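Participant: protein29.cif is reproduced in full below (mmCIF, C-alpha atoms and all ligand atoms).
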```
data_work
#
loop_
_atom_site.label_atom_id
_atom_site.label_comp_id
_atom_site.auth_asym_id
_atom_site.auth_seq_id
_atom_site.Cartn_x
_atom_site.Cartn_y
_atom_site.Cartn_z
CA MET C 20 26.50 -6.44 -5.74
CA LYS C 21 25.06 -7.43 -2.36
CA ASN C 22 25.47 -10.89 -0.87
CA CYS C 23 22.87 -13.02 0.80
CA LEU C 24 23.52 -16.21 2.73
CA VAL C 25 20.49 -18.47 2.57
CA VAL C 26 20.36 -20.83 5.54
CA ASP C 27 17.83 -23.63 5.34
CA ASP C 28 17.88 -27.40 5.66
CA SER C 29 15.42 -27.69 2.80
CA LYS C 30 17.02 -27.76 -0.61
CA VAL C 31 13.74 -26.68 -2.22
CA ILE C 32 13.44 -23.56 -0.06
CA ARG C 33 17.06 -22.65 -0.80
CA LYS C 34 16.39 -23.03 -4.50
CA VAL C 35 13.27 -20.84 -4.38
CA ALA C 36 15.09 -18.20 -2.34
CA ARG C 37 18.08 -18.24 -4.69
CA HIS C 38 15.83 -17.78 -7.68
CA ILE C 39 14.09 -14.75 -6.16
CA LEU C 40 17.27 -13.17 -4.80
CA GLU C 41 19.18 -13.54 -8.05
CA SER C 42 16.30 -11.88 -9.88
CA LEU C 43 16.84 -8.95 -7.48
CA ASP C 44 20.53 -8.83 -8.43
CA ILE C 45 21.77 -10.32 -5.20
CA LYS C 46 24.59 -12.83 -5.05
CA VAL C 47 23.61 -15.97 -3.19
CA THR C 48 25.53 -18.46 -1.07
CA GLU C 49 23.89 -21.35 0.74
CA ALA C 50 24.21 -23.11 4.06
CA CYS C 51 22.20 -26.12 5.18
CA ASP C 52 22.26 -25.47 8.93
CA GLY C 53 23.28 -22.92 11.55
CA ARG C 54 26.71 -24.42 12.10
CA ASP C 55 27.55 -24.30 8.39
CA ALA C 56 26.20 -20.72 8.25
CA LEU C 57 28.38 -19.59 11.13
CA THR C 58 31.51 -21.01 9.52
CA GLN C 59 30.66 -19.20 6.29
CA CYS C 60 29.98 -15.92 8.11
CA GLU C 61 33.35 -16.13 9.83
CA ALA C 62 35.04 -16.56 6.46
CA ALA C 63 33.17 -13.77 4.65
CA ILE C 64 30.49 -11.54 6.11
CA PRO C 65 27.39 -11.41 3.92
CA ASP C 66 25.20 -8.29 3.74
CA VAL C 67 22.16 -10.24 4.78
CA VAL C 68 21.30 -13.69 6.10
CA LEU C 69 17.99 -15.33 5.28
CA LEU C 70 17.68 -17.61 8.26
CA ASP C 71 15.42 -20.61 8.76
CA TRP C 72 14.22 -21.05 12.31
CA ASN C 73 13.96 -24.81 12.64
CA MET C 74 17.06 -26.66 11.58
CA PRO C 75 18.48 -29.94 12.86
CA VAL C 76 22.06 -28.82 13.48
CA MET C 77 22.06 -25.45 15.28
CA SER C 78 18.69 -23.72 15.08
CA GLY C 79 18.14 -20.16 13.90
CA MET C 80 17.99 -18.96 17.50
CA GLU C 81 21.27 -20.68 18.41
CA PHE C 82 22.87 -19.24 15.29
CA LEU C 83 21.88 -15.71 16.32
CA GLN C 84 23.26 -16.22 19.81
CA GLU C 85 26.53 -17.57 18.45
CA LEU C 86 26.74 -14.77 15.90
CA SER C 87 26.39 -12.11 18.59
CA ARG C 88 29.26 -13.73 20.52
CA THR C 89 31.52 -13.90 17.47
CA LYS C 90 33.95 -11.02 16.90
CA MET C 91 33.33 -9.54 13.46
CA ASP C 92 34.07 -6.30 11.62
CA ALA C 93 30.48 -5.88 10.55
CA ARG C 94 27.15 -7.54 11.34
CA PRO C 95 25.00 -8.97 8.60
CA LYS C 96 21.32 -8.06 8.64
CA VAL C 97 19.24 -11.08 9.56
CA ILE C 98 15.82 -11.89 8.16
CA PHE C 99 14.40 -14.94 9.83
CA CYS C 100 12.01 -17.29 8.03
CA THR C 101 9.33 -19.20 9.80
CA THR C 102 6.07 -21.02 9.31
CA GLU C 103 4.78 -19.77 12.66
CA ASN C 104 3.10 -16.42 12.97
CA GLY C 105 2.72 -16.32 16.77
CA ILE C 106 3.62 -12.98 18.31
CA GLY C 107 5.71 -14.70 21.00
CA HIS C 108 7.77 -16.35 18.34
CA ILE C 109 8.34 -13.09 16.47
CA LYS C 110 9.27 -11.23 19.66
CA ALA C 111 11.74 -13.94 20.65
CA ALA C 112 13.46 -13.65 17.30
CA VAL C 113 13.70 -9.87 17.51
CA GLU C 114 15.09 -10.10 21.02
CA ALA C 115 17.68 -12.60 19.81
CA GLY C 116 18.81 -10.04 17.23
CA ALA C 117 16.81 -10.66 14.03
CA ASP C 118 16.16 -7.51 11.99
CA GLU C 119 13.12 -8.73 10.10
CA TYR C 120 10.99 -11.80 9.64
CA VAL C 121 9.27 -13.43 6.70
CA MET C 122 6.63 -16.15 6.66
CA LYS C 123 7.14 -19.26 4.56
CA PRO C 124 6.24 -19.71 1.79
CA PHE C 125 7.33 -16.25 0.66
CA ASP C 126 7.02 -14.61 -2.74
CA ARG C 127 9.18 -12.10 -4.58
CA ASP C 128 7.24 -9.01 -3.49
CA THR C 129 7.41 -9.94 0.16
CA LEU C 130 11.09 -10.73 0.13
CA GLU C 131 11.84 -7.60 -1.85
CA SER C 132 9.95 -5.46 0.65
CA LYS C 133 11.85 -7.05 3.57
CA LEU C 134 15.20 -6.45 1.86
CA GLN C 135 14.23 -2.81 1.38
CA ILE C 136 13.25 -2.46 5.00
CA VAL C 137 16.63 -3.75 6.22
CA GLY C 138 18.31 -1.47 3.67
CA VAL C 139 19.98 -4.11 1.51
CA ILE C 140 18.27 -2.91 -1.66
CA MET O 30 -29.24 -3.38 -24.57
CA THR O 31 -30.92 -5.78 -26.99
CA ASP O 32 -27.46 -7.16 -27.62
CA ALA O 33 -27.03 -8.05 -23.97
CA THR O 34 -30.34 -9.78 -23.53
CA ASN O 35 -31.39 -11.17 -26.90
CA GLY O 36 -28.24 -11.46 -28.95
CA SER O 37 -26.40 -14.64 -29.86
CA GLY O 38 -23.89 -16.10 -27.36
CA ALA O 39 -20.63 -14.36 -28.24
CA THR O 40 -22.07 -10.92 -29.03
CA ALA O 41 -24.31 -10.98 -25.97
CA PHE O 42 -21.35 -11.80 -23.78
CA THR O 43 -19.29 -8.92 -25.10
CA GLY O 44 -22.25 -6.58 -24.85
CA ALA O 45 -22.67 -7.27 -21.14
CA MET O 46 -18.97 -6.82 -20.57
CA ARG O 47 -19.01 -3.51 -22.37
CA ILE O 48 -21.97 -2.29 -20.36
CA LEU O 49 -20.27 -3.24 -17.10
CA ALA O 50 -17.00 -1.60 -18.11
CA GLY O 51 -18.99 1.50 -19.12
CA LEU O 52 -20.75 1.52 -15.77
CA LEU O 53 -17.42 1.37 -13.96
CA GLU O 54 -16.01 4.23 -15.98
CA ALA O 55 -19.08 6.41 -15.58
CA ARG O 56 -19.12 5.88 -11.82
CA THR O 57 -15.44 6.02 -10.99
CA GLY O 58 -13.44 7.26 -13.97
CA GLN O 59 -11.56 3.95 -14.18
CA ILE O 60 -11.08 2.63 -17.71
CA LEU O 61 -10.55 -1.12 -17.86
CA SER O 62 -7.83 -2.36 -20.17
CA GLU O 63 -8.86 -4.96 -22.73
CA SER O 64 -7.32 -7.77 -20.74
CA ARG O 65 -9.20 -6.68 -17.66
CA ILE O 66 -12.48 -6.49 -19.57
CA TRP O 67 -11.96 -10.15 -20.40
CA ARG O 68 -11.57 -10.86 -16.72
CA ILE O 69 -14.81 -9.14 -15.71
CA GLU O 70 -16.63 -12.42 -15.35
CA THR O 71 -13.95 -13.86 -13.06
CA ALA O 72 -14.00 -10.71 -10.95
CA LEU O 73 -17.78 -10.85 -10.63
CA LYS O 74 -18.12 -14.63 -10.06
CA PRO O 75 -18.53 -14.39 -6.28
CA LEU O 76 -21.13 -11.65 -6.69
CA LEU O 77 -23.06 -13.64 -9.31
CA ARG O 78 -23.05 -16.65 -7.02
CA ALA O 79 -24.12 -14.67 -3.97
CA ASN O 80 -27.07 -13.24 -5.90
CA GLY O 81 -28.04 -16.54 -7.52
CA MET O 82 -27.37 -15.25 -11.03
CA ALA O 83 -26.27 -17.47 -13.87
CA ASN O 84 -24.24 -15.03 -15.93
CA LEU O 85 -23.28 -11.44 -16.69
CA GLU O 86 -26.33 -10.91 -18.90
CA GLU O 87 -28.61 -11.65 -15.99
CA LEU O 88 -26.63 -9.24 -13.83
CA VAL O 89 -26.87 -6.50 -16.44
CA SER O 90 -30.64 -6.86 -16.76
CA GLN O 91 -31.01 -6.76 -12.97
CA LEU O 92 -28.88 -3.63 -12.86
CA LEU O 93 -31.00 -1.98 -15.52
CA ALA O 94 -34.25 -2.96 -13.82
CA SER O 95 -33.30 -2.12 -10.27
CA THR O 96 -33.70 1.29 -8.70
CA GLU O 97 -31.57 0.51 -5.66
CA SER O 98 -27.93 1.41 -5.75
CA GLY O 99 -26.77 -1.50 -3.57
CA LEU O 100 -26.12 -3.94 -6.39
CA THR O 101 -24.41 -1.30 -8.53
CA ASP O 102 -22.13 -0.39 -5.64
CA ASP O 103 -21.20 -4.03 -5.19
CA VAL O 104 -20.45 -4.45 -8.89
CA VAL O 105 -18.31 -1.32 -8.93
CA SER O 106 -16.41 -2.42 -5.79
CA ALA O 107 -15.76 -5.84 -7.29
CA LEU O 108 -14.35 -4.36 -10.50
CA LEU O 109 -12.00 -1.87 -8.86
CA ASN O 110 -8.35 -2.62 -8.41
CA ASN O 111 -7.59 -2.24 -4.71
CA GLU O 112 -3.92 -3.20 -4.87
CA THR O 113 -2.02 -1.55 -2.04
CA SER O 114 0.48 -2.30 0.69
CA PHE O 115 2.00 -0.79 3.82
CA PHE O 116 4.69 1.80 3.03
CA ARG O 117 4.18 1.30 -0.70
CA ASP O 118 7.11 2.99 -2.45
CA LEU O 119 9.18 3.13 0.70
CA GLN O 120 11.26 6.07 -0.63
CA THR O 121 8.13 8.22 -0.64
CA PHE O 122 7.47 7.49 3.03
CA ASP O 123 11.13 8.05 3.86
CA MET O 124 11.01 11.40 2.05
CA LEU O 125 7.85 12.35 3.94
CA TYR O 126 9.40 11.47 7.27
CA ARG O 127 12.80 12.99 6.60
CA ASP O 128 11.93 16.12 4.61
CA LEU O 129 8.36 17.04 3.92
CA LEU O 130 6.72 16.51 7.32
CA PRO O 131 9.47 18.43 9.17
CA GLU O 132 8.97 21.31 6.72
CA LEU O 133 5.23 21.33 7.47
CA ALA O 134 5.97 21.13 11.20
CA ALA O 135 8.25 24.13 10.93
CA THR O 136 5.95 26.31 8.87
CA LYS O 137 2.42 25.76 10.15
CA GLN O 138 1.73 28.20 12.95
CA ASP O 139 -1.64 26.82 14.02
CA LYS O 140 -0.18 23.38 14.88
CA VAL O 141 -2.94 21.58 13.02
CA LEU O 142 -1.97 19.15 10.29
CA ARG O 143 -4.66 18.31 7.76
CA ILE O 144 -4.08 15.32 5.54
CA TRP O 145 -6.30 13.66 2.94
CA CYS O 146 -5.60 10.18 1.58
CA ALA O 147 -7.70 10.12 -1.57
CA GLY O 148 -8.24 6.58 -2.89
CA CYS O 149 -7.04 4.91 0.30
CA SER O 150 -8.15 1.39 -0.61
CA THR O 151 -8.01 -0.93 2.43
CA GLY O 152 -6.19 1.61 4.59
CA GLN O 153 -2.52 0.60 4.49
CA GLU O 154 -1.45 3.98 3.10
CA ALA O 155 -3.22 6.01 5.78
CA TYR O 156 -1.97 3.75 8.57
CA SER O 157 1.59 3.97 7.23
CA LEU O 158 1.35 7.74 7.29
CA ALA O 159 -0.03 7.71 10.82
CA MET O 160 2.90 5.51 11.89
CA GLN O 161 5.36 7.97 10.32
CA LEU O 162 3.78 10.80 12.26
CA ARG O 163 3.89 8.89 15.53
CA LYS O 164 7.53 7.93 15.07
CA ASP O 165 8.61 11.38 16.10
CA ALA O 166 6.53 12.33 19.13
CA ALA O 167 8.77 15.26 20.14
CA ARG O 168 8.37 17.06 16.83
CA TRP O 169 4.59 16.96 17.04
CA GLN O 170 4.21 17.95 20.67
CA GLY O 171 0.98 19.96 21.01
CA TRP O 172 -0.17 19.27 17.42
CA ARG O 173 -3.54 18.05 16.21
CA PHE O 174 -3.73 15.64 13.29
CA GLN O 175 -6.79 15.50 11.10
CA ILE O 176 -6.45 12.63 8.69
CA LEU O 177 -9.26 11.86 6.26
CA ALA O 178 -9.03 8.73 4.12
CA THR O 179 -11.57 8.14 1.37
CA ASP O 180 -12.30 5.54 -1.26
CA ILE O 181 -15.23 4.84 -3.54
CA SER O 182 -15.25 1.15 -2.65
CA LYS O 183 -17.48 0.43 0.32
CA ALA O 184 -15.85 -2.94 0.82
CA ALA O 185 -12.37 -1.42 0.91
CA VAL O 186 -13.37 1.31 3.35
CA ALA O 187 -15.07 -1.23 5.63
CA ARG O 188 -11.84 -3.24 5.75
CA ALA O 189 -9.78 -0.12 6.36
CA GLN O 190 -12.05 0.87 9.22
CA SER O 191 -11.88 -2.57 10.80
CA GLY O 192 -8.10 -2.26 10.96
CA VAL O 193 -7.75 -6.02 10.56
CA PHE O 194 -5.04 -7.25 8.21
CA SER O 195 -4.05 -10.74 7.14
CA GLN O 196 -0.65 -12.26 7.64
CA ILE O 197 0.05 -11.63 3.96
CA ASP O 198 -0.92 -7.95 4.25
CA VAL O 199 1.40 -7.29 7.19
CA GLN O 200 4.23 -9.11 5.43
CA ARG O 201 4.26 -6.60 2.65
CA GLY O 202 6.07 -3.42 3.55
CA LEU O 203 5.54 -3.36 7.29
CA ALA O 204 8.72 -3.46 9.37
CA ILE O 205 8.75 -5.97 12.20
CA ASN O 206 9.11 -3.27 14.83
CA ASP O 207 6.07 -1.41 13.51
CA LEU O 208 4.14 -4.66 13.52
CA LEU O 209 5.05 -5.31 17.13
CA ARG O 210 4.41 -1.74 18.18
CA TRP O 211 1.12 -1.02 16.43
CA PHE O 212 -0.63 -4.35 15.91
CA GLU O 213 -2.07 -7.10 18.02
CA PRO O 214 -2.72 -10.65 16.94
CA ALA O 215 -6.40 -11.35 16.23
CA GLY O 216 -6.70 -15.07 15.48
CA ASP O 217 -4.63 -15.62 12.37
CA ASP O 218 -4.82 -11.90 11.53
CA TRP O 219 -3.42 -8.70 13.00
CA LYS O 220 -5.43 -5.77 14.29
CA VAL O 221 -4.19 -2.21 14.31
CA SER O 222 -4.17 -0.55 17.75
CA ASP O 223 -7.11 1.69 18.64
CA ASP O 224 -4.65 4.47 19.24
CA LEU O 225 -3.57 4.49 15.60
CA ARG O 226 -7.06 3.79 14.27
CA ARG O 227 -8.49 6.80 16.08
CA MET O 228 -6.13 9.11 14.18
CA ILE O 229 -7.88 8.42 10.88
CA GLU O 230 -11.39 9.04 9.66
CA PHE O 231 -12.35 6.66 6.85
CA LYS O 232 -15.21 7.53 4.51
CA VAL O 233 -16.76 6.24 1.32
CA ASP O 234 -16.49 9.04 -1.22
CA ASN O 235 -16.16 9.50 -4.97
CA LEU O 236 -13.22 11.62 -6.10
CA LEU O 237 -15.17 12.77 -9.14
CA GLU O 238 -17.77 14.35 -6.84
CA PRO O 239 -16.17 14.61 -3.42
CA LYS O 240 -18.42 15.31 -0.46
CA ALA O 241 -16.32 14.10 2.46
CA PRO O 242 -13.33 16.46 2.47
CA GLY O 243 -13.23 19.68 4.43
CA ALA O 244 -10.93 22.45 3.20
CA ASN O 245 -7.36 23.63 3.34
CA TYR O 246 -5.52 20.33 3.38
CA ASP O 247 -1.78 20.62 3.98
CA LEU O 248 -0.97 17.33 2.34
CA ILE O 249 -2.91 15.16 -0.07
CA LEU O 250 -1.93 11.66 -1.12
CA CYS O 251 -3.64 10.48 -4.28
CA ARG O 252 -1.44 7.62 -5.35
CA ASN O 253 -2.12 5.04 -8.04
CA VAL O 254 -5.75 6.12 -8.31
CA MET O 255 -5.88 8.02 -11.60
CA LEU O 256 -3.54 5.81 -13.63
CA TYR O 257 -6.46 4.52 -15.69
CA PHE O 258 -8.53 7.70 -15.83
CA ALA O 259 -9.20 9.49 -19.12
CA LEU O 260 -7.48 12.87 -19.35
CA ASP O 261 -10.63 14.93 -18.79
CA LYS O 262 -11.43 13.01 -15.59
CA ARG O 263 -7.90 13.51 -14.33
CA GLN O 264 -8.09 17.21 -14.99
CA LYS O 265 -11.37 17.33 -13.13
CA VAL O 266 -9.93 15.50 -10.12
CA PHE O 267 -6.80 17.67 -10.06
CA SER O 268 -8.92 20.78 -9.92
CA ARG O 269 -10.96 19.26 -7.07
CA LEU O 270 -7.76 18.43 -5.21
CA ALA O 271 -6.57 21.98 -5.71
CA GLU O 272 -9.85 23.37 -4.43
CA TYR O 273 -9.60 21.39 -1.21
CA SER O 274 -5.98 22.17 -0.46
CA ARG O 275 -4.39 25.36 0.79
CA PRO O 276 -1.97 27.33 -1.39
CA GLY O 277 1.55 26.06 -0.78
CA SER O 278 0.34 22.62 0.27
CA TYR O 279 1.68 19.37 -1.15
CA LEU O 280 0.27 16.61 -3.31
CA ILE O 281 1.87 13.18 -3.58
CA LEU O 282 1.12 10.96 -6.55
CA GLY O 283 2.10 7.36 -7.26
CA ALA O 284 5.61 6.55 -8.44
CA GLY O 285 4.69 6.53 -12.13
CA GLU O 286 2.31 9.49 -12.11
CA THR O 287 2.71 13.16 -12.89
CA VAL O 288 0.74 16.40 -13.14
CA ILE O 289 2.56 17.46 -16.29
CA GLY O 290 0.15 18.17 -19.11
CA GLN O 291 -2.86 17.65 -16.85
CA THR O 292 -3.10 20.64 -14.55
CA GLU O 293 -1.42 23.89 -13.72
CA ALA O 294 -2.76 23.95 -10.20
CA PHE O 295 0.21 21.88 -9.01
CA THR O 296 3.86 22.05 -9.99
CA ALA O 297 6.68 19.62 -9.29
CA SER O 298 8.29 20.51 -5.98
CA ARG O 299 11.92 21.50 -6.14
CA ASN O 300 12.64 20.43 -2.61
CA PHE O 301 10.73 17.22 -2.19
CA ARG O 302 11.16 14.51 -4.77
CA GLY O 303 7.94 13.03 -6.12
CA SER O 304 5.73 15.70 -4.63
CA TYR O 305 3.83 18.58 -6.17
CA GLU O 306 3.19 21.97 -4.76
CA ARG O 307 -0.17 23.65 -4.97
CA ALA O 308 0.21 26.91 -6.84
CA LYS O 309 -0.16 30.00 -4.70
CA ALA O 310 -2.74 31.56 -7.05
CA LYS O 311 -6.37 30.40 -7.24
CA PRO O 312 -6.79 27.00 -8.90
CA GLU O 313 -7.58 27.17 -12.57
CA LYS O 314 -11.00 26.06 -13.75
CA THR O 315 -11.56 23.11 -16.05
CA ALA O 316 -13.57 23.46 -19.23
CA GLY O 317 -16.38 21.55 -17.49
CA ASP O 318 -16.47 23.98 -14.57
CA ILE O 319 -16.57 26.95 -16.89
CA ARG O 320 -19.49 25.43 -18.82
CA LYS O 321 -21.31 24.63 -15.56
CA SER O 322 -21.04 28.13 -14.15
CA ALA O 323 -21.99 29.76 -17.46
C1 LIG C 401 -4.69 0.80 -6.78
S1 LIG C 401 -5.51 1.44 -5.36
C2 LIG C 401 -4.27 2.46 -4.65
C3 LIG C 401 -4.40 2.57 -3.15
C4 LIG C 401 -3.35 3.44 -2.47
N1 LIG C 401 -3.56 4.84 -2.75
C5 LIG C 401 -1.96 3.03 -2.86
O1 LIG C 401 -1.30 3.74 -3.61
O2 LIG C 401 -1.51 1.97 -2.43
C6 LIG C 401 -6.64 2.62 -6.10
C7 LIG C 401 -7.86 2.92 -5.23
O3 LIG C 401 -8.58 4.02 -5.80
C8 LIG C 401 -9.95 3.82 -5.61
N2 LIG C 401 -10.71 4.62 -6.58
C9 LIG C 401 -10.80 4.45 -7.92
N3 LIG C 401 -11.59 5.37 -8.47
C10 LIG C 401 -12.00 6.17 -7.46
C11 LIG C 401 -12.87 7.31 -7.38
N4 LIG C 401 -13.45 7.82 -8.47
N5 LIG C 401 -13.08 7.87 -6.18
C12 LIG C 401 -12.48 7.37 -5.06
N6 LIG C 401 -11.68 6.30 -5.07
C13 LIG C 401 -11.45 5.70 -6.25
C14 LIG C 401 -10.12 2.32 -5.79
O4 LIG C 401 -11.29 1.84 -5.17
C15 LIG C 401 -8.84 1.77 -5.16
O5 LIG C 401 -9.05 1.41 -3.82
#
```
What is this structure when it is put down as structure tokens?
Facilitator:
Amino acid sequence: MKNCLVVDDSKVIRKVARHILESLDIKVTEACDGRDALTQCEAAIPDVVLLDWNMPVMSGMEFLQELSRTKMDARPKVIFCTTENGIGHIKAAVEAGADEYVMKPFDRDTLESKLQIVGVI
Amino acid sequence: MTDATNGSGATAFTGAMRILAGLLEARTGQILSESRIWRIETALKPLLRANGMANLEELVSQLLASTESGLTDDVVSALLNNETSFFRDLQTFDMLYRDLLPELAATKQDKVLRIWCAGCSTGQEAYSLAMQLRKDAARWQGWRFQILATDISKAAVARAQSGVFSQIDVQRGLAINDLLRWFEPAGDDWKVSDDLRRMIEFKVDNLLEPKAPGANYDLILCRNVMLYFALDKRQKVFSRLAEYSRPGSYLILGAGETVIGQTEAFTASRNFRGSYERAKAKPEKTAGDIRKSA
């Protein structure tokens, strides 16, 4: 069973994501900000991280930068979640190391297709 | 007809629905399921409003009275299911990229690749294929691509041709790197690059009586189009597809579709999962064809 770490400061978004991911047979853990997510990644590397972009303590971008500096056996795939669809924003995320992006609010089909693209399902 | 115009409420309503469903089937081959017949009115609401019509009965009488095909075309377009997405059934596109396209590249001497996307809807399938071809520039050095994409829905073909896709469209199936490479933002939407758009010719065409295709296609995609066709219509379309493709060419159907029990012109490919090979002999004729030529 694959693991996904859902990183978002909104409890509602985490709940929606968990619901969809579990229906796709993916085990879910949650983190409420980038700092929390990093600690969890250091303890156990998930297959994929669903990463919110705007968070109070350590943003998505800062998380990616920290993650790339951290020594790890394997890298999780990172799908970043945003409400902005600007091309500059998307490019910045890719340059920082995100593998895919998904617009909020997302539905099951969209998330499923992104997980397929990054090869998690 | 009297039912539709003079009958009592409930019967009249059902009569109009049945006529519209019948029109759709006659024109396109698509049979509406019962639940979709009940949703005809919802599907046609915008069209009724745009034409200042009160209900389906009024639409049906206009259709019967009118000699122009414009309104009929609009009704048919509105009733068709255009569901599609970029790289729909990702495994199929992976298989094409990894196995089938290299095989075609290795075996075609003339370096011309002829592809027909039959029932292309709003274009995502044809654009996905074009992206797969462009991913490997070295393999296709000196080749010419001729990609035809057809659909019976004028509205769908117009959207495909425009190459403009909403945020929701590009979210489904398109990898971020393909989005960045092949699309440009256009307001809130995304527009496919001219470079990719120029690879594909989009045309309105009916698969039951095709006029747009040339001949000798190497690869035909006809995915999720005939799911709701009656058997005789499917057989007819398969024999058309066989006629337009060269012996040894490939046909790709949707994930849940098969040729088994419907045609002998194509057989399941041993090498490429989910694809069908056009028999080397001449395509068989359908009962209809035999009657016609008699
Ligand atoms: C469900 S979509 C599938 C689109 C695409 N091939 C895919 O798999 O994603 C089916 C398409 O077939 C088209 N279609 C249905 N009957 C047709 C006919 N007789 N001739 C041409 N196109 C037809 C519809 O307009 C619709 O766009």
Participant: Could you please tell me, as an NGL selection string, which residues of chain O have an atom within 7 Å of chain C when using all atoms listed in the file?
Facilitator: :O and (200-202 or 204-205 or 214)
Participant: As a ChimeraX atom specification, please: every protein or nucleic acid residue near ligand LIG 401 (chain C) (cut-off 7 Å, counting only C-alpha atoms and all ligand atoms).
Facilitator: /O:56-59,106,109-114,117,147-151,154,179-182,185,234-237,251-254,283
Participant: Would you list the contacts of C:Ser87 as an MDAnalysis selection string, taking every protein, DNA or RNA residue within 12 Å and counting only C-alpha atoms, but skipping same-chain residues closer than 3 positions in sequence?
Facilitator: chainID C and resid 57 60:61 80:84 90:97 114:117
Participant: Nearest to C:Ile45 among C:Met20, C:Pro124, C:Ser29, C:Asp66, with distances taken over all atoms listed in the file: which residue is it?
Facilitator: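 Nearest to C:Ile45: C:Met20.
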Participant: So the first atom is atom CA of O:Ala45 and the second is atom CA of O:Leu85; what is the distance between them in Å, to one decimal place?
Facilitator: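 If I compute the distance from atom CA of O:Ala45 to atom CA of O:Leu85, I get 6.1 Å.
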Participant: Please return, as a PyMOL selection string, all polymer residues that have at least one atom within 8 Å of the point (18.2, -24.1, 12.3); use all atoms listed in the file and the file's own coordinate frame.
Facilitator: chain C and resi 26-28+52-53+70-82
Participant: Next, dump the selected residues to file, keeping only C-alpha atoms, as a PDB file, in the coordinates of the input.
Facilitator:
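Once written, again_20.pdb looks like this:
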```
ATOM      1  CA  VAL C  26      20.360 -20.830   5.540  1.00  0.00           C
ATOM      2  CA  ASP C  27      17.830 -23.630   5.340  1.00  0.00           C
ATOM      3  CA  ASP C  28      17.880 -27.400   5.660  1.00  0.00           C
ATOM      4  CA  ASP C  52      22.260 -25.470   8.930  1.00  0.00           C
ATOM      5  CA  GLY C  53      23.280 -22.920  11.550  1.00  0.00           C
ATOM      6  CA  LEU C  70      17.680 -17.610   8.260  1.00  0.00           C
ATOM      7  CA  ASP C  71      15.420 -20.610   8.760  1.00  0.00           C
ATOM      8  CA  TRP C  72      14.220 -21.050  12.310  1.00  0.00           C
ATOM      9  CA  ASN C  73      13.960 -24.810  12.640  1.00  0.00           C
ATOM     10  CA  MET C  74      17.060 -26.660  11.580  1.00  0.00           C
ATOM     11  CA  PRO C  75      18.480 -29.940  12.860  1.00  0.00           C
ATOM     12  CA  VAL C  76      22.060 -28.820  13.480  1.00  0.00           C
ATOM     13  CA  MET C  77      22.060 -25.450  15.280  1.00  0.00           C
ATOM     14  CA  SER C  78      18.690 -23.720  15.080  1.00  0.00           C
ATOM     15  CA  GLY C  79      18.140 -20.160  13.900  1.00  0.00           C
ATOM     16  CA  MET C  80      17.990 -18.960  17.500  1.00  0.00           C
ATOM     17  CA  GLU C  81      21.270 -20.680  18.410  1.00  0.00           C
ATOM     18  CA  PHE C  82      22.870 -19.240  15.290  1.00  0.00           C
TER      19      PHE C  82
END
```
Participant: Given all atoms listed in the file as the basis, pick out the residue of C:Ala50, C:Ile39, C:Ala112, C:Ile140 nearest to C:Cys100.
Facilitator: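 Closest residue, counting all atoms listed in the file: C:Ala112.
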Participant: Go ahead and compute the interatomic distance for atom CA of C:Gln59 and atom CA of C:Lys30, in Å to one decimal.
Facilitator: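 So the answer is 17.5 Å.
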Participant: From the list O:Ile144, O:Asp103, O:Trp169, O:Arg188, which residue is nearest O:Tyr273 when using only C-alpha atoms?
Facilitator: O:Ile144
Participant: Applying 12 Å and only C-alpha atoms, which residues near O:Glu286 remain after dropping the ones on its own chain fewer than 6 positions away? List them as a ChimeraX atom specification.
Facilitator: /O:250-258,263,280,297,303-305
Participant: What separation in Å, quoted to one decimal, exists between atom CA of O:Trp219 and atom CA of O:Gly192?
Facilitator: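 So the two atoms, atom CA of O:Trp219 and atom CA of O:Gly192, lie 8.2 Å apart.
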Participant: Using only C-alpha atoms for the distances, tell me which of O:Leu142, O:Ala308, O:Ile69, O:Ala159 is nearest to O:Thr296.
Facilitator: O:Ala308
Participant: Which residues are close to stretch 47-53 of chain O, i.e. within 10 Å by only C-alpha atoms, leaving aside same-chain residues fewer than 3 positions away? Reply as number ranges by chain.
Facilitator: O: 30, 33, 41-44, 56-63, 65-67, 69, 85-86, 88-89, 92, 101-102, 104-109
Participant: With 6 Å on each side, where is the centre of the axis-aligned box around all listed atoms of stretch 53-62 of chain C, and how long are its edges in Å to one decimal, as JSON?
Facilitator:
```
{"center_x": 29.2, "center_y": -20.2, "center_z": 9.2, "size_x": 23.8, "size_y": 20.5, "size_z": 17.8}
```
Participant: Considering all atoms listed in the file, state which residue in the set O:Ile289, O:Ala166, O:Ala187, O:Leu158 is at the smallest distance from O:Leu119.
Facilitator: O:Leu158
